[in-house]
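All remarks here apply to the structure that follows.
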Amino acid sequence: MNARLLLATALTSVGANKLRASLTLLGIVIGVSSVIAMMAVGRGAQVSVTARISDLGTELITVRPGADALRFAFFGGGGNSDVLSLEDAFALRDDVFTPDVKLVAPENSFSGSASVGSENTFVNGLGVTAEYLESRNLTIVWGRNISNVDVENISLVAVLGSETSETLYGQRNPVGSKIKISGREFTVIGVIESQQGTISNPDSSIFVPITTAHYRMNNGKGRVASISVSSISVLASSEATVDDARLDISTVLRLRHELGEDDDDDFQIITQQDTIETLEGTEGTFVILLGAIAGISLLVGGIGVMNIMLVSVTERTREIGIRRAVGAKRRDILLQFVTEAVLMTFAGGILGVMLGWAIAYFGNGATVDGDIIETVIETHIAVIALCVSVAVGLFFGIYPAVRAASLNPIEALRHE
Amino acid sequence: MIAKTTTPVIELVDVTRQFQIGTHVVRALDGINLKIESGEMVAIIGPSGSGKSTLMNTLGCLDQPSSGSFVLNGQYVSELSDNQLAETRSRQLGFVFQSYNLLPRETAISNVELPLKYSGGYSGKERRVAARIALDRVGLSERYDHRPMQMSGGEQQRVGIARALVKNPDLILADEPTGNLDTKSSAEVIEMLHSLNENDGKTIVVVTHDIEVAEAMKRIIAFRDGRIVEDRAVVPKRINAQSPDRDNQ
């Protein structure tokens, strides 16, 4: 029997029991579409995280106090912030010791509520210097940035994130108005342009001079003479000098902290590349996990195919006998049943790819619990899923087909 | 052709076929010697369990003898592989079954095409033409696209005969071809076999336990307990029915 005849015969047989074929197919459709959709979501998450980090600029180097880098990378901030001081940050501006450092932006965090009249919101407070905005690729839409004079004077001035501004002032320009942050009155001097989607979302933040944050905001801490910082953002002069800059920073900080040769660093230097690699690694595992879960449903679909093929062989024993009696070889019967199985899984695979693609396509940008889901559809995943569905048909179809082919024609003909 | 007269279509020499049932050995065929020449019309009769079905399976190349040799058109069937057996079935003989054994979902024409599908070398058009010719031959020109369920038993059996004819084999093996048919349809089928024998020169072997059918053949071989107990030539006695000949010749 040639391929065309084989296909036509298989189509007729599969088509003869449409409900059964559809249900069997459905198992494969669900399996394949979930693989496609899951992978799209997984890859989407991976790509968007990478993109957000890259948005901050690849020259960005973050220096944090403490030795547990991974913990900070994932859960942010915190740690023993007494270890890095404002003086440490200023030391990194030295042209001789750290020639590849273009910009140094230390920051300090506090939390509290901000209120204007009856409007009240909880804010993420950041004490920063003039360099902060540049280090994060942020721009001012209204008013001006915090200046170094503000830092020196410990001024009670604040720059608002776009969301904070909107919550408190609506569409009005708040520059010049008064705002109460944790009970102290500040003058709003500027508003930052919305930067939706970046990993350290500045939109809901409020920025004050780092000295103000230290001396005025954090209860009790203000009495300590040395200003501690929770993080220092450093921009290298170019992407190529990131590694050199990192070495220089390490040298300077080790000297300043008087660490001996055998001492471990009491700070962490994290480049954007480090963050991307770490996150991509975890996300990669996540994608594989999602794929594996979806793969299991494909496997279950395959078992469904095998089940139905075994039933079919039993039901069609007599047909097999007739075919054998009129000249079908074992191989013809084997191929017929394998073709039927593969036909079902292939059709299921195509429909599954279409469905999965549709889910990924229409699911892109959907929000679940306030999180925007991004999906990335990759053609090679679709091709692989399709190949796997064919392989599933071959694998699960072969045993029933062998059973069919090995039937004794005399007994098969006698079968009722 | 001289070759045809010197080489029998079927030659069985000391053929035995044993089946093991538990610890018990059943000899379904017990030393059969038999020659059937080209153009013969033979009835094989016997009670059930006499070995006639086993003989039919052997002649139909569906089963191999336990010992002895079966020569079909000069070829030792015992030496053939499974694939060669399938090819022999496809090329050299046509089966007609008691229960017609048509594929229920397929049309008459598609059922008749089936043997051609398994032998290769025929285009779809050639298959349909051959199937139409075979269906015309059995008088079913108006039933090409009918499915088995839409036809009478007699018509279904004629589709079965058309299927046996479609590759133009010399030998037609019919296993109780009238077993499920009424008298009128039986007579039609017997007439059809006669016509194939006399007009087309086919060798016909019919297995039956119906003595009336057997007596319509030209030679009767009687089986009992796996042995031939009688082998005689007879003058065919046609079955009496209201319209015995509906062939469109």
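Identifiers in the structure tokens: chain A, B, ... in order shown; residue index from 1 per chain; ligand index from 1 in order shown.
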
Please identify the helix (DSSP H, G or I) residues within segment 65-286 of chain A (assignment by DSSP from backbone atoms) and present them as a count of residues only.
75

List the spatial neighbours of segment 197-208 of chain B as JSON, numbers by chain - criterion: any atom at most 7 Å away, only C-alpha atoms, same-chain residues fewer than 6 positions off excluded.
{"B": [38, 39, 40, 41, 42, 43, 44, 45, 52, 170, 171, 172, 173, 174, 175, 176, 214]}

Dump of N, CA, C and O atoms for the selected residues, as a short mmCIF file (atom, residue, chain, number, x, y, z; two decimals), in the first residue's frame:
data_model
loop_
_atom_site.label_atom_id
_atom_site.label_comp_id
_atom_site.auth_asym_id
_atom_site.auth_seq_id
_atom_site.Cartn_x
_atom_site.Cartn_y
_atom_site.Cartn_z
N SER B 38 -7.15 -27.53 -13.53
CA SER B 38 -7.70 -26.25 -13.95
C SER B 38 -9.06 -26.45 -14.60
O SER B 38 -9.25 -27.39 -15.37
N GLY B 39 -10.00 -25.58 -14.27
CA GLY B 39 -11.33 -25.63 -14.88
C GLY B 39 -12.30 -26.57 -14.19
O GLY B 39 -13.43 -26.73 -14.63
N GLU B 40 -11.88 -27.16 -13.10
CA GLU B 40 -12.79 -28.05 -12.37
C GLU B 40 -13.75 -27.24 -11.52
O GLU B 40 -13.52 -26.06 -11.23
N MET B 41 -14.81 -27.88 -11.11
CA MET B 41 -15.79 -27.24 -10.24
C MET B 41 -16.10 -28.24 -9.14
O MET B 41 -16.83 -29.21 -9.35
N VAL B 42 -15.52 -28.02 -7.97
CA VAL B 42 -15.47 -29.06 -6.95
C VAL B 42 -16.25 -28.62 -5.70
O VAL B 42 -16.15 -27.48 -5.28
N ALA B 43 -17.02 -29.57 -5.15
CA ALA B 43 -17.66 -29.33 -3.86
C ALA B 43 -16.93 -30.18 -2.84
O ALA B 43 -16.60 -31.34 -3.09
N ILE B 44 -16.63 -29.56 -1.69
CA ILE B 44 -16.05 -30.34 -0.59
C ILE B 44 -17.10 -30.38 0.50
O ILE B 44 -17.54 -29.33 1.00
N ILE B 45 -17.54 -31.59 0.82
CA ILE B 45 -18.61 -31.71 1.81
C ILE B 45 -18.14 -32.53 3.01
O ILE B 45 -17.10 -33.18 2.96
N LYS B 52 -12.96 -29.97 6.70
CA LYS B 52 -13.11 -29.25 5.43
C LYS B 52 -12.73 -27.76 5.55
O LYS B 52 -12.18 -27.20 4.62
N ASP B 170 -7.21 -17.50 -11.15
CA ASP B 170 -7.73 -18.70 -11.79
C ASP B 170 -8.61 -19.50 -10.82
O ASP B 170 -9.45 -20.28 -11.23
N LEU B 171 -8.36 -19.32 -9.54
CA LEU B 171 -9.01 -20.16 -8.54
C LEU B 171 -9.92 -19.34 -7.63
O LEU B 171 -9.52 -18.31 -7.10
N ILE B 172 -11.18 -19.80 -7.51
CA ILE B 172 -12.11 -19.16 -6.58
C ILE B 172 -12.41 -20.15 -5.47
O ILE B 172 -12.82 -21.29 -5.74
N LEU B 173 -12.17 -19.73 -4.24
CA LEU B 173 -12.47 -20.59 -3.09
C LEU B 173 -13.69 -20.03 -2.39
O LEU B 173 -13.70 -18.87 -1.98
N ALA B 174 -14.73 -20.83 -2.28
CA ALA B 174 -15.96 -20.34 -1.66
C ALA B 174 -16.27 -21.20 -0.45
O ALA B 174 -16.40 -22.42 -0.54
N ASP B 175 -16.35 -20.54 0.72
CA ASP B 175 -16.59 -21.25 1.97
C ASP B 175 -18.06 -21.05 2.35
O ASP B 175 -18.43 -19.96 2.77
N GLU B 176 -18.87 -22.08 2.17
CA GLU B 176 -20.31 -21.98 2.45
C GLU B 176 -20.93 -20.72 1.82
O GLU B 176 -21.55 -19.92 2.53
N ALA B 214 -23.79 -28.99 -3.15
CA ALA B 214 -22.72 -29.88 -3.59
C ALA B 214 -23.09 -30.56 -4.91
O ALA B 214 -22.26 -30.68 -5.82
#

Distance-based interface of chain A with chain B, 7 Å, counting only C-alpha atoms, as a ChimeraX atom specification:
/A:1,319,322,325-329,409-410

Could you work out how far atom CA of Ala216 of chain B lies from atom CA of Val138 of chain B, giving the answer in Å with one decimal?
18.8 Å

To test your reading of the structure, identify every residue in segment 193-390 of chain A that backbone DSSP assigns to strand (DSSP E or B), and report it as a PyMOL selection string.
chain A and resi 205-209+228+231-236+267-271+367-368+371-372

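Of the listed residues A:Ile308, A:Ala245, A:Ala213, A:Ile30, the one whose atoms come nearest to Phe97 of chain A is A:Ala245, with distances taken using only C-alpha atoms.
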
Near Leu126 of chain A, counting only C-alpha atoms, which residues have an atom at most 8 Å away, once you skip same-chain residues fewer than 6 positions from it, shown as an mmCIF file with N, CA and C atoms, in the first residue's frame?
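Writing the result to selection-v5.cif gives the following:
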data_model
loop_
_atom_site.group_PDB
_atom_site.id
_atom_site.type_symbol
_atom_site.label_atom_id
_atom_site.label_comp_id
_atom_site.auth_asym_id
_atom_site.auth_seq_id
_atom_site.Cartn_x
_atom_site.Cartn_y
_atom_site.Cartn_z
ATOM 1 N N GLU A 107 22.224 55.563 47.784
ATOM 2 C CA GLU A 107 20.833 55.743 48.189
ATOM 3 C C GLU A 107 20.570 55.107 49.531
ATOM 4 N N ASN A 108 19.491 55.545 50.108
ATOM 5 C CA ASN A 108 19.125 55.171 51.452
ATOM 6 C C ASN A 108 17.624 55.034 51.437
ATOM 7 N N SER A 109 17.101 54.066 52.119
ATOM 8 C CA SER A 109 15.646 53.941 52.013
ATOM 9 C C SER A 109 14.957 54.189 53.335
ATOM 10 N N PHE A 110 13.757 54.668 53.248
ATOM 11 C CA PHE A 110 12.912 54.811 54.438
ATOM 12 C C PHE A 110 11.502 54.553 53.982
ATOM 13 N N SER A 205 7.495 55.858 44.239
ATOM 14 C CA SER A 205 8.470 56.296 45.248
ATOM 15 C C SER A 205 8.397 57.801 45.483
ATOM 16 N N ILE A 206 9.117 58.203 46.530
ATOM 17 C CA ILE A 206 9.261 59.622 46.801
ATOM 18 C C ILE A 206 10.736 59.817 47.135
ATOM 19 N N PHE A 207 11.352 60.844 46.536
ATOM 20 C CA PHE A 207 12.794 61.017 46.685
ATOM 21 C C PHE A 207 13.107 62.281 47.481
ATOM 22 N N VAL A 208 14.026 62.123 48.427
ATOM 23 C CA VAL A 208 14.464 63.282 49.214
ATOM 24 C C VAL A 208 15.987 63.248 49.240
ATOM 25 N N ILE A 210 19.657 62.549 50.400
ATOM 26 C CA ILE A 210 20.090 61.397 51.210
ATOM 27 C C ILE A 210 20.371 61.820 52.655
ATOM 28 N N ALA A 213 17.078 62.142 54.430
ATOM 29 C CA ALA A 213 16.558 60.813 54.765
ATOM 30 C C ALA A 213 17.241 60.282 56.009
#
